[in-house]
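To start, the structure under review is shown below, and the notes come after it.
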Amino acid sequence: MGYKNTQDCVNDLEKHGHLIRIREEVSSDLEMAAIHLRVFENNGPAILFENIKGCKFKAVSNLYGDTERSKFIFRDTIEKIKTLIDLKNDPLEALKHPLKYANVGLTAFSALPKKARFSNPVLQNQTSISELPQIKCWPDDGGAFVTLPLVYTEDIDKPGVMNSNLGMYRIQLSGNDYLKDKEVGLHYQLHRGIGVHQSKSNQKGKPLKVSIFVGGPPSLTLGAVMPLPEGMSELTFAGALGNRRIRYSYEDDFCIAADADFVITGEIYPGENKPEGPFGDHLGYYSLKHDFPVMRVHKVYHRNNAIWPFTVVGRPPQEDTAFGNLIHELTGNAIPKEIPGLKDVHAVDASGVHPLLLAIGSERYTPYYKDRKPQEILTIANHILGSGQLSLAKYLFIIAGEDNPALTTHHVADFFRHVLERIDLTRDLHFYTRTTIDTLDYSGSGLNSGSKVVIAAAGNKIRELGTELPALNLPDGFRNPKVVLPGIIAIQADKYTDATTAVKTMQQLTTNLGQTFDPQHASSNFPLFIICDDSDFVSKNLNNFLWVTFTRSNPAADIYGVASFTENKHWGCKGSMIIDARIKPHHAPPLIKDPEIEKRVDRLGEKGASLHGII
């Protein structure tokens with residue numbers, strides 16, 4: 001559908017039974033977020049909040065909380081966009097199949113951004129930052145945030161919409177040291193598009209002009225988060241996806257999206273930073289307070305009857321999970337085509353996305369050897385860890401596709417079984433120490449600092465995985481072992497206090513396990529042990545295992561092994577690998593809901609209330 005704005009989308013969703021209205025007065029301080037989370041957990045519809053306490057605007061959430069609903073929103077263009085992306089990734093396809101791609105060039109041309117000729121609807125009204133919906137999602141958040149912001153910047157050396165960047169970087173509206181109505185905080189990394197623009201402006205000693213769009217056609221939102229092929233403009237992509245060109249104009253030298261619901265304009269000056277955060281984020285923990293760029297607010301605009309879209313992030317799955325599924329469907333094999341030999345790659349949502357990647361590659365080196373081992377897939381792994389957002393990965397498990405052509409990275413339990421049946425722990429662990437990891441991941445040694453490990457497997461099975469708990473000789477402080485998956489045991493341990501104590505106790509554990517480890521002992525069928533704070537929780541389901549193991553460990557610091565050794569700088573172990581996934585003192589606190597707020601949400605589910613029959 002060629003939606004003009006958020007209201008068009010809301011009307012269409014309501015007409016087709018995909019949206020519910022909240023009539024009761026609700027607070028933007030935790031309550032709206034709690035309602036969203038409860039509705040999402042119950043696979044509910046999009047939510048229109050009509051009566052926000054102390055605010056004149058409406059808000060909508062959960063627009064993309066179901067993949068099928070997202071497909072419904074873009075139902076008229078989704079197949080066309082897949083074709084457009086395929087062609088951009090492989091231009092020769094047009095020569096091979098001219099009829100199939102005959103209209104693609106016209107589609108791209110007709111989607112180019114369009115300068116608005118007449119009055120810009122969003123410029124009809126002005127407001128202030130404090131009059132916007134002040135949505136705070138988690139109890140310890142540093143203030144109110146924009147969680148679906150579309151942040152627009154231009155290249156100071158090549159101004160204009162075709163060289164612009166549109167990205168989704170969170171915005172803090174209030175709290176901390178921000179001057180009320182005069183300053184907002186922007187959270188982003190310098191390698192992002194906006195960071196490149198800021199660096200160029202800084203070098204010239206000039207401020208970077210920023211326009212923050214909120215709302216508008218849903219295609220604009222998806223355009224801001226799509227991993228687009230090099231050279232494809234986000235605004236052009238949004239025009240193609242939305243089946244109508246993105247209209248824009250300029251006001252006071254700031255770009256204004258004509259069909260946005262809100263636009264906040266301002267400037268980032270060189271060297272001006274202020275503490276931003278904490279913020280409950282998509283790993284399931286708070287990202288803590290750190291200095292990030294501060295934007296001096298110029299003006300705040302809104303259209304008549306503007307609607308404020310928002311989402312809530314937290315431990316996966318959340319709305320951004322469904323959004324990610326849609327992106328994966330649209331981009332298809334875009335990433336594998338960019339990396340020779342890569343067949344499939346999956347950033348595992350349940351682990352917080354960036355901490356864990358699963359990949360399948362080709363292993364074609366020395367095909368004349370009888371004994372197969374990881375070779376080409378190690379080269380592919382290096383390429384993966386040097387590619388865009390994939391470079392933030394902490395654990396990369398990669399296998400040779402030839403060993404099981406039917407296996408995909410999205411069958412996570414089957415993938416782990418395949419790896420653990422084949423891995424040679426003396427050979428197949430490859431560490432990267434003192435490197436960069438995701439800013440939101442606090443398992444490492446500092447902000448953006450930690451380690452990575454590639455765990456590669458190729459060849460025939462070398463072991464049968466155990467499914468029944470063997471007799472284990474556990475030292476004091478370790479208890480309650482549980483089988484998580486075939487070949488994986490979780491063991492509960494005393495609370496982590498410090499690194500010195502941890503190393504000492506883990507050495508005792510490896511010694512004890514080594515006493516029982518031999519080819520004839522049942523423990524040899526369990527190549528992976530997880531040390532955790534609650535083994536019942538970790539073993540309860542696959543998602544718990546993935547979340548705890550890969551968000552609470554730093555590979556170089558927290559991986560141990562039975563009969564471990566170092567040879568020519570290579571670390572390995574002759575027995576089982578052990579990951580210490582306990583919460584450490586330097587970790588960020590996990591997200592916990594407020595019980596009193598949850599009681600308020602309960603009332604909305606009572607008979608006669610707006611969410612009766614939904615929650």
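Following the order of the structure tokens, first chain is A, next is B, and so on, with residues numbered from 1 inside each chain and ligands from 1 in the order they appear.
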
| said: Using DSSP assignments from the backbone, pull out every residue in region 31-210 of chain A that falls under strand (DSSP E) and give it to me as a ChimeraX atom specification. | reply: /A:46-49,58-61,114-115,125-127,145-146,150-154,164-167,171-172,183-186,208-210

With the cut-off set at 10 Å and counting only C-alpha atoms, tabulate each residue of region 301-370 of chain A with an atom at most that distance from an atom of region 219-241 of chain A, showing the nearest atom pair and its distance in Å to one decimal, ordered by chain and increasing number, as a Markdown table.
```
| residue | atom | partner | partner_atom | distance |
| --- | --- | --- | --- | --- |
| A:Pro309 | CA | A:Thr221 | CA | 9.9 |
| A:Phe323 | CA | A:Leu222 | CA | 8.4 |
| A:Gly324 | CA | A:Met226 | CA | 9.2 |
| A:Leu326 | CA | A:Leu222 | CA | 9.4 |
| A:Ile327 | CA | A:Met226 | CA | 6.6 |
| A:His328 | CA | A:Met226 | CA | 9.4 |
| A:Leu330 | CA | A:Met226 | CA | 9.1 |
| A:Thr331 | CA | A:Pro227 | CA | 8.0 |
| A:Ala334 | CA | A:Pro229 | CA | 7.9 |
| A:Ile335 | CA | A:Pro229 | CA | 9.3 |
| A:Glu338 | CA | A:Pro229 | CA | 9.5 |
```

| message | Report as a ChimeraX atom specification all protein, DNA and RNA residues lying within 8 Å of region 124-135 of chain A, evaluated on only C-alpha atoms, omitting residues in the same chain fewer than 2 positions from it. | response | /A:28-30,32-33,52,55-57,59,120-122,137,144-146,173-174,180-182,299-304,308

| message | Can you pull out every residue from region 254-493 of chain A that DSSP, working from the backbone, puts in helix (DSSP H, G or I), and format the result as JSON, numbers by chain? | response | {"A": [319, 320, 321, 322, 323, 324, 325, 326, 327, 328, 329, 330, 331, 334, 335, 336, 337, 338, 349, 350, 351, 376, 377, 378, 379, 380, 381, 382, 383, 384, 388, 389, 390, 391, 392, 401, 402, 403, 412, 413, 414, 415, 416, 417, 418, 419, 420, 421, 422]}

| request: Using CA of Ile491 (chain A) and CA of Cys573 (chain A) as the two end points, give the distance in Å to one decimal. | output: 19.1 Å

| query | Which of these, A:Glu567, A:Asp580, A:Glu468, A:Glu31, has the shortest distance to Pro486 (chain A) once you count only C-alpha atoms? | reply |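 Of all the options, A:Glu468 lies closest to Pro486 (chain A).
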
| note | CA of Val60 (chain A) to CA of Lys82 (chain A) measures 27.7 Å

| message | Applying 9 Å and only C-alpha atoms, which residues near Pro374 (chain A) remain after dropping the ones on its own chain fewer than 3 positions away? List them as number ranges by chain. | response | A: 363, 365, 377-378, 399-400, 428, 456-459

What would the file look like if the residues just selected were written as a PDB file, in the first residue's frame with N, CA and C atoms?
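So out24.pdb came out as:
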```
ATOM      1  N   GLU A 363      33.877 -25.842   1.892  1.00  0.00           N
ATOM      2  CA  GLU A 363      35.210 -26.324   2.253  1.00  0.00           C
ATOM      3  C   GLU A 363      35.766 -27.087   1.054  1.00  0.00           C
ATOM      4  N   TYR A 365      39.129 -26.663  -0.098  1.00  0.00           N
ATOM      5  CA  TYR A 365      40.581 -26.787  -0.118  1.00  0.00           C
ATOM      6  C   TYR A 365      40.980 -28.262  -0.059  1.00  0.00           C
ATOM      7  N   ILE A 377      36.829 -22.515   5.359  1.00  0.00           N
ATOM      8  CA  ILE A 377      35.833 -21.852   6.217  1.00  0.00           C
ATOM      9  C   ILE A 377      36.487 -20.913   7.235  1.00  0.00           C
ATOM     10  N   LEU A 378      37.785 -21.115   7.519  1.00  0.00           N
ATOM     11  CA  LEU A 378      38.486 -20.164   8.387  1.00  0.00           C
ATOM     12  C   LEU A 378      38.725 -18.850   7.645  1.00  0.00           C
ATOM     13  N   ILE A 399      30.504 -23.972   9.906  1.00  0.00           N
ATOM     14  CA  ILE A 399      30.640 -25.376   9.497  1.00  0.00           C
ATOM     15  C   ILE A 399      30.782 -25.456   7.983  1.00  0.00           C
ATOM     16  N   ALA A 400      31.217 -26.613   7.516  1.00  0.00           N
ATOM     17  CA  ALA A 400      31.315 -26.884   6.086  1.00  0.00           C
ATOM     18  C   ALA A 400      29.976 -27.410   5.588  1.00  0.00           C
ATOM     19  N   ASP A 428      40.222 -26.675  16.686  1.00  0.00           N
ATOM     20  CA  ASP A 428      39.189 -25.907  16.001  1.00  0.00           C
ATOM     21  C   ASP A 428      38.706 -24.653  16.716  1.00  0.00           C
ATOM     22  N   ALA A 456      35.120 -23.676  14.476  1.00  0.00           N
ATOM     23  CA  ALA A 456      34.928 -24.217  13.130  1.00  0.00           C
ATOM     24  C   ALA A 456      34.852 -25.734  13.176  1.00  0.00           C
ATOM     25  N   ALA A 457      34.019 -26.293  12.308  1.00  0.00           N
ATOM     26  CA  ALA A 457      33.887 -27.750  12.269  1.00  0.00           C
ATOM     27  C   ALA A 457      33.714 -28.208  10.823  1.00  0.00           C
ATOM     28  N   ALA A 458      34.509 -29.185  10.423  1.00  0.00           N
ATOM     29  CA  ALA A 458      34.400 -29.778   9.090  1.00  0.00           C
ATOM     30  C   ALA A 458      34.825 -31.231   9.165  1.00  0.00           C
ATOM     31  N   GLY A 459      34.138 -32.069   8.428  1.00  0.00           N
ATOM     32  CA  GLY A 459      34.490 -33.482   8.401  1.00  0.00           C
ATOM     33  C   GLY A 459      33.417 -34.374   8.978  1.00  0.00           C
TER      34      GLY A 459
END
```

| Residue nearest Leu509 (chain A) - candidates A:Ile579, A:Leu358, A:Val419, A:Leu469, atoms counted: only C-alpha atoms |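 Among the listed residues, the smallest separation from Leu509 (chain A) belongs to A:Ile579.
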
| said: Quick one: residues within 8 Å of region 547-556 of chain A, only C-alpha atoms, excluding same-chain residues fewer than 2 positions away - as a PyMOL selection string? | reply: chain A and resi 283+350-352+355-356+394-395+431-433+441+443-444+450-453+530+532+538+543-545+558-559+579-584+587

| field | Neighbour list for Leu465 (chain A) as a VMD selection string, cut-off 9 Å, only C-alpha atoms, skip fewer than 6 positions in-chain | value | chain A and resid 417 420 to 421 486 to 488 524 to 527

Can I get the selection written as a PDB file, in the first residue's frame, with C-alpha atoms?
```
ATOM      1  CA  ARG A 417      24.446 -30.849  17.422  1.00  0.00           C
ATOM      2  CA  LEU A 420      29.561 -30.696  18.671  1.00  0.00           C
ATOM      3  CA  GLU A 421      29.556 -34.057  16.870  1.00  0.00           C
ATOM      4  CA  PRO A 486      22.717 -33.268  23.366  1.00  0.00           C
ATOM      5  CA  GLY A 487      26.374 -32.820  24.284  1.00  0.00           C
ATOM      6  CA  ILE A 488      25.829 -29.790  26.557  1.00  0.00           C
ATOM      7  CA  SER A 524      33.387 -37.638  26.809  1.00  0.00           C
ATOM      8  CA  ASN A 525      30.025 -37.404  25.025  1.00  0.00           C
ATOM      9  CA  PHE A 526      29.578 -33.869  26.427  1.00  0.00           C
ATOM     10  CA  PRO A 527      32.122 -31.575  24.733  1.00  0.00           C
TER      11      PRO A 527
END
```

| field | Atomic distance CA of His346 (chain A) - CA of Thr321 (chain A), expressed in Å with one decimal | value |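 Between CA of His346 (chain A) and CA of Thr321 (chain A) the gap is 12.7 Å.
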
| In terms of the shortest atom-to-atom distance over only C-alpha atoms, which of A:His36, A:Arg600, A:His383, A:Arg245 is closest to Ala359 (chain A)? |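 Going through A:His36, A:Arg600, A:His383, A:Arg245 one by one, the smallest distance to Ala359 (chain A) is for A:His383.
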
| task | Within 9 Å of region 202-216 of chain A, counting only C-alpha atoms, which residues show up once you throw out same-chain ones fewer than 6 positions away? Write them as a VMD selection string, please. | result | chain A and resid 3 to 7 146 148 to 156 171 253 to 271 295 306 to 310

| field | Among listed residues A:Trp138, A:Lys53, A:Ala557, A:Thr77, nearest Thr500 (chain A) (using only C-alpha atoms) | value |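 Looking only at the distances to Thr500 (chain A), the closest residue turns out to be A:Ala557.
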
| Of the candidates A:Ile614, A:Ala499, A:Val196, A:Ile246, which shows the shortest atom-to-atom distance to Leu19 (chain A), using only C-alpha atoms? |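 With only C-alpha atoms as the atom set, the closest residue is A:Ile614.
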